[in-house]
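Working notes for the structure below.
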Amino acid sequence: MVHDKRVKDVVSGWLTVFDDGSVDRTWTGPPQVKFMAEPVPPHDDFIDGVAVKDVVAGENSGSRFRIYLPERNDSSVDKLPVILHFHGGGFCISQADWFMYYAVYTRLARVANAIIVSVFLPLAPEHRLPAACDTGFAGLLWLRDISRNQGHEPWLNEYADFNSVFLIGDSSGGNIVHQVAARAGEEDLSPMRLAGAIPIHPGFMRSQRSKSELEQEQTPFLTLDMVDKFMELALPIGSTKDHPITCPMGEAAPAVEELKLPPYLYCVAEKDLIKDTEMEFYEALQKGEKDVELLINNGVGHSFYLNKIAVDMDPVTGSATEKLFEAIAEFINKH
């Protein structure tokens, strides 16, 4: 007898969970924003100053990356900084080739004059944490191998400055930034240098609701429904939001002062649902005497810069996005 699977839950239009444990990531929210969650094909030619290609690292690893290469002027420097990117999506949705990331990271490649290497991450619940963190760290080791001439990727071999490698991540990708940075502190990356880390609106939280979760406005990019259900699907079975990956300032996490971390540009949106717990971790970095620079994105909410419609149509979002890119470019140039 064939069992007809039934819908168990729908998470804010992003994810449908069935009673047999399978999931469907077809967007079921407003159709006018569906384009942001559709893949953009790579292009070897320069479009708006950036070329894009997808690569697989090694025959056996299966790790996939999207690389953004800015067009170089004759007067430009010989080598370009490398930014290793981890996409968001609550560990459960989104892909590195989605339009929302393409729009942001082609722009950042131009503004920062840097190569962006975006990691295709495994998704929960099929691949629960720490799978995405492990894949992110493997991406950093792949860059190290290339810096040691133990791997080959033509754009990186020719144009990458491995003395200037940065981590960046959106939302849950910001959690991965911190996990990878902490692990990198225990690893010999030479001759590569991890020069900095940029968590943007990281998904740091606690089991107990914060004041900002109760008071801030929910947006399509972060609802309480997403916070609760994505974490239930993503965290190891039996774990709570107090897990070290989602609560690095908590008692279960390694003491921040004992971690060997690169300089951080730590980005928090003024109207973020999880602003309070994000700020709690910033305070832990300060208390641990880490090199951390705080950037508050005024007047905007969680992952505002990924909303292409708002970036183009809303002056506040557009201005905050421009300031975010400028701060990232300045941070990279400084380190």
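Just remember, in the structure tokens the first chain shown is A, the second B, etc., residues are 1-based per chain, and ligands are 1-based in the order shown.
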
Taking the DSSP secondary structure from the backbone, can you list the residues of stretch 207-271 of chain A that are helix (DSSP H, G or I), as a PyMOL selection string?
chain A and resi 211-215+224-234+256-258

So that I can see what lies close to A:Asp24, please list as an MDAnalysis selection string the residues with an atom at most 8 Å from it, counting only C-alpha atoms and leaving out residues fewer than 3 positions away in the same chain.
chainID A and resid 15:17

Just-selected residues, N, CA and C atoms written as a PDB file, in the first residue's frame:
```pdb
ATOM      1  N   LEU A  15       9.769  26.649   3.452  1.00  0.00           N
ATOM      2  CA  LEU A  15      10.071  25.222   3.582  1.00  0.00           C
ATOM      3  C   LEU A  15       8.813  24.465   3.985  1.00  0.00           C
ATOM      4  N   THR A  16       8.532  23.361   3.292  1.00  0.00           N
ATOM      5  CA  THR A  16       7.424  22.483   3.655  1.00  0.00           C
ATOM      6  C   THR A  16       7.997  21.169   4.164  1.00  0.00           C
ATOM      7  N   VAL A  17       7.574  20.755   5.347  1.00  0.00           N
ATOM      8  CA  VAL A  17       8.041  19.515   5.956  1.00  0.00           C
ATOM      9  C   VAL A  17       6.902  18.500   5.928  1.00  0.00           C
TER      10      VAL A  17
END
```

Counting only C-alpha atoms, which of A:Val82, A:Met100, A:Ile115, A:Ala184 gets nearest to A:Lys260?
A:Ala184

Do you know which residues are at most 8 Å from stretch 278-288 of chain A counting only C-alpha atoms, after dropping those on the same chain fewer than 6 positions away, and could you put them as a list in words?
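The neighbour list is His201, Pro202, Gly203, Phe204, Met205, Pro248, Met249, Val256, Glu257, Glu258, Tyr266, Val268 and Leu294 of chain A.
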
Got a sec: who's within 6 Å of A:Ile83, counting only C-alpha atoms, leaving out chain neighbours fewer than 4 positions off, as an NGL selection string?
:A and (116 or 165-167)

Please produce a file of the residues just selected, as a short mmCIF file (atom, residue, chain, number, x, y, z; two decimals), in the first residue's frame, where the atoms kept are N, CA, C and O atoms.
```cif
data_model
loop_
_atom_site.label_atom_id
_atom_site.label_comp_id
_atom_site.auth_asym_id
_atom_site.auth_seq_id
_atom_site.Cartn_x
_atom_site.Cartn_y
_atom_site.Cartn_z
N ILE A 116 35.41 36.65 -4.43
CA ILE A 116 34.49 36.02 -3.49
C ILE A 116 34.41 34.54 -3.83
O ILE A 116 34.19 34.16 -4.99
N VAL A 165 43.02 36.72 3.36
CA VAL A 165 41.82 35.88 3.25
C VAL A 165 40.86 36.24 4.38
O VAL A 165 41.25 36.35 5.55
N PHE A 166 39.59 36.42 4.03
CA PHE A 166 38.56 36.82 4.99
C PHE A 166 37.40 35.83 4.94
O PHE A 166 37.17 35.18 3.93
N LEU A 167 36.66 35.77 6.04
CA LEU A 167 35.42 35.00 6.12
C LEU A 167 34.26 35.98 6.19
O LEU A 167 34.35 37.02 6.86
#
```

Given only C-alpha atoms, how would the per-residue table for stretch 198-246 of chain A near stretch 121-135 of chain A read, listing every residue at most 8 Å away with its closest atom pair and distance in Å to one decimal, sorted by chain and number, as a tab-separated table?
```
residue	atom	partner	partner_atom	distance
A:Leu233	CA	A:Pro125	CA	5.0
A:Ala234	CA	A:Arg128	CA	4.9
A:Leu235	CA	A:Leu129	CA	5.4
A:Pro236	CA	A:Leu129	CA	5.9
```

Could the residues in this selection be written to a file with N, CA, C and O atoms, as an mmCIF file, in the first residue's frame?
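The file below, selection28.cif, is the result:
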```
data_model
loop_
_atom_site.group_PDB
_atom_site.id
_atom_site.type_symbol
_atom_site.label_atom_id
_atom_site.label_comp_id
_atom_site.auth_asym_id
_atom_site.auth_seq_id
_atom_site.Cartn_x
_atom_site.Cartn_y
_atom_site.Cartn_z
ATOM 1 N N LEU A 233 14.962 21.886 13.185
ATOM 2 C CA LEU A 233 15.353 21.013 12.080
ATOM 3 C C LEU A 233 16.869 20.909 11.917
ATOM 4 O O LEU A 233 17.376 19.907 11.419
ATOM 5 N N ALA A 234 17.590 21.959 12.334
ATOM 6 C CA ALA A 234 19.020 22.043 12.018
ATOM 7 C C ALA A 234 19.931 21.544 13.127
ATOM 8 O O ALA A 234 20.981 20.937 12.853
ATOM 9 N N LEU A 235 19.581 21.806 14.366
ATOM 10 C CA LEU A 235 20.466 21.429 15.473
ATOM 11 C C LEU A 235 20.490 19.922 15.669
ATOM 12 O O LEU A 235 19.539 19.225 15.295
ATOM 13 N N PRO A 236 21.582 19.391 16.234
ATOM 14 C CA PRO A 236 21.620 17.952 16.521
ATOM 15 C C PRO A 236 20.396 17.543 17.342
ATOM 16 O O PRO A 236 19.934 18.301 18.207
#
```

Set the distance at 10 Å and use only C-alpha atoms: which residues neighbour A:Pro263 once local chain neighbours fewer than 5 positions away are removed? I'd like the list as an MDAnalysis selection string.
chainID A and resid 166 181 194:198 290:293 331 335

List as a PyMOL selection string the protein and nucleic acid residues near A:Ala57, meaning an atom at most 10 Å away when only C-alpha atoms are counted, but skip any in the same chain fewer than 5 places from it.
chain A and resi 62-65+138-139+142-143+151-153
